[in-house]
Structure formats: C-alpha cells, structure tokens
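Worksheet: one structure, shown below.
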Amino acid sequence: MAMASEIAALLGVEVAAGEREISRVSGIPGAGPEAVVFAMDDSALKEALASRAGLILGPLGPLGAAAHERVLRVKNPRLAFAQVYARWFDERGGRGVHATATIGTGAVLGDGCEVGAGAVLGDGVVLGAECIIGPHVTILSGTTLGDRVKVQAGAVLGSDGFGYARAADGYIGFPQIGTLWIGDDVEIGANTTIDRGALGETRIGRGTKIDNLCHIAHNCVIGEDVMIAAQVGMAGSCTIEDGVMLGGQVGLGERVTIGKGVVLGGQGGVLPGKRIDGDGVVYWGTPAQPVREYLRGLARMRRG
Amino acid sequence: MAMASEIAALLGVEVAAGEREISRVSGIPGAGPEAVVFAMDDSALKEALASRAGLILGPLGPLGAAAHERVLRVKNPRLAFAQVYARWFDERGGRGVHATATIGTGAVLGDGCEVGAGAVLGDGVVLGAECIIGPHVTILSGTTLGDRVKVQAGAVLGSDGFGYARAADGYIGFPQIGTLWIGDDVEIGANTTIDRGALGETRIGRGTKIDNLCHIAHNCVIGEDVMIAAQVGMAGSCTIEDGVMLGGQVGLGERVTIGKGVVLGGQGGVLPGKRIDGDGVVYWGTPAQPVREYLRGLARMRRG
Amino acid sequence: MAMASEIAALLGVEVAAGEREISRVSGIPGAGPEAVVFAMDDSALKEALASRAGLILGPLGPLGAAAHERVLRVKNPRLAFAQVYARWFDERGGRGVHATATIGTGAVLGDGCEVGAGAVLGDGVVLGAECIIGPHVTILSGTTLGDRVKVQAGAVLGSDGFGYARAADGYIGFPQIGTLWIGDDVEIGANTTIDRGALGETRIGRGTKIDNLCHIAHNCVIGEDVMIAAQVGMAGSCTIEDGVMLGGQVGLGERVTIGKGVVLGGQGGVLPGKRIDGDGVVYWGTPAQPVREYLRGLARMRRG
C-alpha cells in the first residue's frame, strides 16, 4: 500500500493533485482505481486515461498542456514503474525453507532466505541474505552466493564441467573440483546450468541477470551488470566484461573475451580464443561482426 | 486388447479375412502374432509380411493385386497406427498423485490427473481433467492447464520472465506477476520452460505440442495445433498463429509474429518486431527467408 | 595420498629425485608442497616452478638441460594429470542412495551406485555398477545404464519422443514406448534430455560424453567415444558414429548420419536425411561444409 504522494516523492515529481491509495501495479487492461500503471508514449497514455487506473506513470511532454490529476510525468515511465514495484509491491521471498528441501551439512543460509520445494543445497554451500531459491534448484558443494540472489526453478549451480583428456582407450575426466562464486543481486533463470571451475573458479559478477536454459561452462568469468538472454551457451574459460548484453541463443567458444559494453545479437557466435570489443557496439552473426558490416555482407549474398 | 475386425472398423476398412486378437503395437522387428505394425510403402510392407506380425496397417495400392489376410490397407498407415494406439493401447496416466509431490494450497486437480514423483504445484494452480504431470515438474502459481495436458519431467511452467529496467546503478526487475494459460491437449517436453506474463498472460493454444528444452518467454501468445521442436527459443511477446511449425533451435526476437501455417526450418531466426507469413510457406535461415530465396543466396555465396 | 615415486611409476617416467607425499591435484595458483600440478609448455612450467607445488607434470624438452627434482616430464602433461587424479584423488561416488530419492518397483542398482537427493528412478530401471546419479535426475522406465555411468543434476533419461501424426482435427501422439540403452562410462551433463525410442531403442555407446542441456531425440544411435558439447540438439533417428565431436549448439535434422571421426564446429547444422563423412575432417556452418570451403564462402560474402 502506498499513497500517490509517496510514489511521487520516490520518483521526485510533484503530484498534480488527487491523493489516493494505491495497492498494486497493473497492466492497463484490468486496472482499477487501486492500481498504478505506466505509459511509454502518448498513444499508451490515451489508453491509460481511458481506463480506471488510479495512477498513471506517463512520459514527459505533450498530450495537452494541462496537468492531469492521475498522471505523474517522468523521464522513463517503465523504469519508474519497476521502482515503484520494487519499493512497495514486490512480495517475492521471505517464505523460509520448504520442508521438502534438502540442506547439506555445513550449508549456511543468510537472513531472510527462501528455499523452494525440493531444492537441494550441497554440503558447505553458502547463501547470502535474502536469496530466493526456486523449487528443484540444485546448488552443489563449492558454490557461494551473495545477497539477494534469485535462482529460478530447476537451475543447477556448481555442476562438473565438460573437461576430458584423450587417452589411448577413450576419454578420462579432467578434475572438476573448483568453485562457483555468484555476486550480489544476480538472477538466474529456470533450468539454467552453471559449472564450477575445473581447478579454479567460475565467477558471476554483481547484478548480472541470466535468463532460462543458459549454459555457463567451467572457469567463465562474467562481469557486473551483464545481461544474458535465454539459451545462451558459453564454453570454458570465457571472459565477459561489465555491461555486456548477449542475445538469445548466442554461442561462445572456449576462451572467448567479450569486451566491456558489447551488444551481441541473438544467435551470434564467437570462435574459440577470439575477442570482440567496443562499448555499445552491436555485433551480429557467426563469426560475429559489427552489425553494419554484417548487414552489408548479407545484402551482398542475398541480392547477388 | 482389440480384435482385428474392431481395428478395421475404427479405420473404416474391410478386413480381407483373418480375425485375430491384437494386444499391442510394435515396430516390425520383434513383432509377433499378437502385434499390429505399420508399413508406409511397399518396401516396408514386404518386410512386415516377412515378419510374424499379426496385423499390418499397409498403404493403398500395389504389391500384388490379391488382398492379404494380415493387411489392412489405409491412406495413411502411420496415422492409422497412432489412432489404434490411442484407442486401445495407450496406458499413460491414471496413476494419481505421487506421495512425494508437493501440492500448494488451493490447487485444483481435475479428475484422473497423474502427478509424478517430486512434482511441485504452486498455490492455486489449476489442472483440468486427465493431465499427466511428470516427475520434477514445477508449475508455479498463476498457471492454469486445460484437459489432457501432458508435461514431461523437469519442465517449469510459470517462471518469472526476463524483464528488467536499467537504473543508474544497475538493473531492477520489471514486475513478473502475470499468468500462464495452457489449453486442452497441449504437450510439453522435458526441461522446457514457459514464463508467466509480466503483467498480462502467456497463452498456449489447444493441441499445441512443444518438444524438450524449449524456452517460451513472458506474454507469448501461441495458437492452436502449433508444433515447436526441441530447443526453440522465443523472446517476450511473440505471436505464433495456428498451425505453425518451428524446427529445432529456431530463435525468435521480441514481438515477432509468425503467420498462420508458416513452416520455419531448424536454426532459423526472426529479428525483433518482424513478421513472416504464408500458409505452408517454408522459411529458412537468419533472418528467415522463403526457402527458395535462401538457397539461391547460399549457392551464390558458396559457388562465388 | 600418493608418493611422487608412485606417480612417476604410473606415468612411466623416472623421478629425477625428491620423494615426497602428494595429497591433492591443484591449479598452479594456490598449490603447496602437498599438491601436484601440470604445465603444458615452458611458460606454464616457469610459473609452476615459481610456485610451491610439490610435484609438477611438465612437458618434454627445453627449459634448461638439468633435470629438476620437482618435475616429471611427460608427453601429455594434461592427460597425465587426469590419470593421476583418476588413480588417487577422484572422490566422486560411493555415497549410496539418498533418503529422498524415489526408486521404482523392480529397479536394479549395481554395486557402488550413488543416487542423489530427489532423484527419481522409474519401475524396472537398471543401473550397472558404480553409477553416479545426481540430484533431481529423472530416469524413466525402459532405461538401462551400463557401469560407471555419470548423470548430472536435472538430466532426464527416457522421456517420450516428439512424434505425432496429423489427423483431421489436430495431432495425435505416435506411440513412444521404446527403450533407452546407455553404455559403460558414458557421462551426461546437467539438465540434458534423452528420449526413449518410439518403438525401437535409443542408444548411447560406451565412453561417450554429453555436456549440459543437450537434446537427444528418440531412436538416435550414438557410437563410442563421441563428444557432444553443450546445447547440441539432434532430431529423431540420427546416427552418430564412433569418435565424432559435436561443438556447442550443433543442430541435426531427422535421420542425419555423422560419419566416424567427423568434427562439426559449434552452431553447425546438418539438414534432415543428410550424411557427412571424413575421419578428422572439420565441418562448419549450416548446412555444414568442410571448414576450408566454409571459410572461402564466408570471405566471399564478407569482402564482396
């Protein structure tokens, strides 16, 4: 529950008028007087004004000069909406350890952790405060999580990496006895797998978000605030620097480096040992190229 | 158990002769007099006739003029075989709720549902009649299933979508508080993940089949009788119209529309916001093109 | 615990001198006198010599003529390291069946099997000796494992394949009632899914290693000592001959054959019904081509 004036204060805007009580966030369809909604542009704002929404986080600028008593105008309505949600309405977490979870010997759970049904935490696993571990998550020994880490259902953290040595009569396993370290505020999607280091460490930096069904191999080092969309796969010992964005189904070979702030589009691939760079530069294709060059080559192929 | 004459009646054909009791479906190797097999062409039919199979669902046409007392001739023997299996021999389901399953408060299970070992159903989840939920499946709150939905082991339904807003000091989560609706006769493969809507709904239409390890993001709307092969991934808010077929490892960007009846070959990709159309038209590649154009470009690239 | 002289004997080299007790394998950073490390080249060897490592498995050749009392020189130090680990330090397995595992009626477990928390073994499943089954693994009825098979967390073995027949009013399921056979020393990664045969058998040959999040469809027949990297997907009835290597995210259509010893690079694809061949030949791209031709076409497209 929040008052319109409190929301306005959080967002640093003045309320045009209309104090009211807000009890939930909502999409525009189905919003009632108890709900706050957001509108990114004038067209959405018209739709929102036609609804019964109690409060609207709308864009700066036009749509009539007059202030509107239900509208708070902000620079980024979607961000403002997420901030309001995080501040008052996010009810995730806090349900404690489910009776069916298996907690290994010596595992340490920080204050306020939630562990879902059937989750398995190996011996000695360490969780910071307020982590949310979904149902059927497996966290194996040697894994350490920071604070407020969220791991969705079915994810596997700390599995053995895919490392073998070829002997005369077949492959034998290379030792997979390292660790996995995950920073604060990391979020990990459903059924994603992250391998422990072979000898050293696999690291996921603070604030990084990983979608469903991704594969992070042994000894990858991922920076802070990296966004990794669904079904991305990276082979062993990759380095992903801060602020990188990887589109869905991207594939990286062994020992690839993705420089700070690079954006690599969906299904793109980088070959083993290669490095791509450029803060904000968009890459595409396999092998990945800056998007302008990629599109030029594509046009050449297609038009002949 | 079915009599040959009953099978003939189901398929709408006359029995040449030979009444007998059939107790199972089988491949041709290993088939005995108790088994019904199928043969798509004359070569397979010869093989079947050389086996001890009690009944053969064979193709219309040649292979001697004479009717054969073990052969029922039908237009589509593979379909006929599946129909016979569905009518008499499919023994899936009906084993009730396994003792190790976790059923949330207020969850509703229709008649005849089977829930496997370790499955987790969140509070308020609704299952129609005769659903089959495999071991280790997670169905989170806000999810509704129709009748005869089959969910294989390890699938996750109703996970939080991958939605964030960029703030000055990192990403904050966009609310993921919507719902997931799944129609009658949908089948979902092992370890597939389907996210709930962010604010609205994710929908999977009646009769749609989804293979293993697929990713369906928040707010996707999938039509009826859609076939989605393994490891397909689609980003948020895609629309897939009725009768579409997506090959393995297809990737779709945000807000993509795939028009009714389109066939998109394996590993194909469609860029965010794009739409492709054409009932029965086969597309290929990334960005997806009608197959003829795709092959022309490929030949150009490869031959120079 | 092993003496340096015992390690030297296993590897068939003479100890320069320096008997000592070794109690673990380690990477070079953090290695103490109790640890054995390996170094693939002179640069790594220098680093190792600067560490406190008790024993170093180093390459043949240079770096001073003089023998070094801490160095055992071998042809393949990484392989030697893995052999030493396997012989003395691999402590996986042997912890028996976890109390929360579900073991079906008539399931048979060989001597020394370990079954992790929450794992589910269906009725009649057969495990050879010394298998290691991770947490949340699902092994369904009709599946047989050889000796020393390792299955990581969340993998699903024996799921129903994706087979349907088109009827007038939608798809109906083709019977998925076959079996899954897995040979000795196979290893299977986290959240990987392997379907049972539709009518016949899916087979994974001795010594084959499969990484995380792979999909092996119904009736695939995979040879011995095949390496399958993460997120590979293969459709039904593929044949993969001995010694093949498939890079990450490779996709194979139905009834593809990959000939003995072929190497198919990451994200490569082979179209339904096709075959590629050549022991040691490296293929790339979709449709897969020998790498030299692939690169030539790529250069043509990109340079114009």
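FYI, nothing fancy with the structure tokens labels: chains A, B, ... in order, residues from 1 per chain, ligands from 1 as they appear.
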Excluding Ala9 of chain A and residues on its chain fewer than 3 positions from it, collect all residues at most 12 Å away from it, counting only C-alpha atoms, and give them as a ChimeraX atom specification.
/A:2-6,12-15,72,74,80,83-84
Dump as a short mmCIF file (atom, residue, chain, number, x, y, z; two decimals), in the first residue's frame, selection limited to N, CA and C atoms:
data_model
loop_
_atom_site.label_atom_id
_atom_site.label_comp_id
_atom_site.auth_asym_id
_atom_site.auth_seq_id
_atom_site.Cartn_x
_atom_site.Cartn_y
_atom_site.Cartn_z
N ALA A 2 0.61 2.15 -0.93
CA ALA A 2 1.36 3.41 -0.96
C ALA A 2 0.41 4.54 -1.37
N MET A 3 0.64 5.73 -0.84
CA MET A 3 -0.14 6.88 -1.25
C MET A 3 0.46 7.46 -2.54
N ALA A 4 -0.40 8.05 -3.36
CA ALA A 4 0.08 8.67 -4.60
C ALA A 4 1.19 9.68 -4.30
N SER A 5 1.07 10.36 -3.21
CA SER A 5 2.08 11.37 -2.87
C SER A 5 3.42 10.73 -2.50
N GLU A 6 3.36 9.54 -1.90
CA GLU A 6 4.61 8.84 -1.58
C GLU A 6 5.30 8.37 -2.86
N GLY A 12 10.46 11.70 -7.43
CA GLY A 12 10.96 13.07 -7.49
C GLY A 12 10.13 13.99 -8.37
N VAL A 13 8.83 13.73 -8.42
CA VAL A 13 7.94 14.62 -9.19
C VAL A 13 6.86 15.19 -8.29
N GLU A 14 6.27 16.28 -8.72
CA GLU A 14 5.17 16.84 -7.95
C GLU A 14 3.85 16.21 -8.37
N VAL A 15 2.97 15.97 -7.40
CA VAL A 15 1.65 15.46 -7.75
C VAL A 15 0.81 16.63 -8.23
N LEU A 72 1.53 11.06 -13.28
CA LEU A 72 2.84 11.55 -12.85
C LEU A 72 3.76 11.45 -14.05
N VAL A 74 7.22 11.35 -15.88
CA VAL A 74 8.61 11.01 -15.54
C VAL A 74 9.40 10.75 -16.82
N ALA A 80 10.34 3.85 -13.82
CA ALA A 80 9.63 4.36 -12.63
C ALA A 80 8.66 3.30 -12.09
N GLN A 83 10.53 0.72 -10.29
CA GLN A 83 10.98 1.23 -9.00
C GLN A 83 9.85 1.22 -7.97
N VAL A 84 8.67 1.62 -8.42
CA VAL A 84 7.51 1.62 -7.52
C VAL A 84 7.19 0.18 -7.09
#
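For chain A, the residues close to chain C, meaning within 6 Å and counting only C-alpha atoms, are A:Phe162, A:Ala165, A:Phe174, A:Leu199, A:Gly297, A:Met301.
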Residues just named, written with C-alpha atoms as a short mmCIF file (atom, residue, chain, number, x, y, z; two decimals), in the first residue's frame:
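Wrote it out as again_11.cif, contents follow:
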data_model
loop_
_atom_site.label_atom_id
_atom_site.label_comp_id
_atom_site.auth_asym_id
_atom_site.auth_seq_id
_atom_site.Cartn_x
_atom_site.Cartn_y
_atom_site.Cartn_z
CA PHE A 162 32.88 -30.82 -19.55
CA ALA A 165 41.71 -35.82 -21.75
CA PHE A 174 39.88 -33.91 -16.15
CA LEU A 199 40.62 -26.25 -10.81
CA GLY A 297 27.60 -8.97 -46.39
CA MET A 301 24.76 -12.66 -50.55
#
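With only C-alpha atoms as the atoms that count, the minimum distance from Asp147 of chain B to the choices B:Ala50, B:Asp242, B:Gly128, B:Ile7 is reached by B:Gly128.
Distance-wise, atom CA of Val256 of chain B and atom CA of Thr239 of chain B end up 6.3 Å apart.
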Distance in Å - atom CA of Cys238 of chain B versus atom CA of Ser43 of chain A
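Between atom CA of Cys238 of chain B and atom CA of Ser43 of chain A the gap works out to 20.9 Å.
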Tell me which protein, DNA and RNA residues are within 7 Å of Ile194 of chain A, counting only C-alpha atoms, leaving out same-chain ones fewer than 6 positions away, and put them as a JSON list (two decimals) with N, CA and C atoms, in the first residue's frame.
[["chain", "number", "residue", "atom", "x", "y", "z"],
["A", 156, "VAL", "N", 20.75, -25.45, -12.10],
["A", 156, "VAL", "CA", 21.79, -26.27, -11.48],
["A", 156, "VAL", "C", 23.05, -25.42, -11.36],
["A", 157, "LEU", "N", 23.51, -25.20, -10.16],
["A", 157, "LEU", "CA", 24.70, -24.38, -9.93],
["A", 157, "LEU", "C", 25.81, -25.26, -9.36],
["A", 158, "GLY", "N", 26.98, -25.19, -10.02],
["A", 158, "GLY", "CA", 28.13, -25.91, -9.48],
["A", 158, "GLY", "C", 28.29, -27.32, -10.03],
["A", 159, "SER", "N", 27.67, -27.58, -11.19],
["A", 159, "SER", "CA", 27.84, -28.89, -11.82],
["A", 159, "SER", "C", 29.28, -29.05, -12.31],
["A", 215, "HIS", "N", 23.75, -21.93, -20.54],
["A", 215, "HIS", "CA", 24.85, -22.80, -20.11],
["A", 215, "HIS", "C", 26.12, -21.97, -19.94],
["A", 216, "ILE", "N", 26.61, -21.93, -18.71],
["A", 216, "ILE", "CA", 27.87, -21.23, -18.42],
["A", 216, "ILE", "C", 28.87, -22.30, -18.00],
["A", 217, "ALA", "N", 29.93, -22.46, -18.78],
["A", 217, "ALA", "CA", 30.85, -23.56, -18.53],
["A", 217, "ALA", "C", 31.88, -23.21, -17.45]]
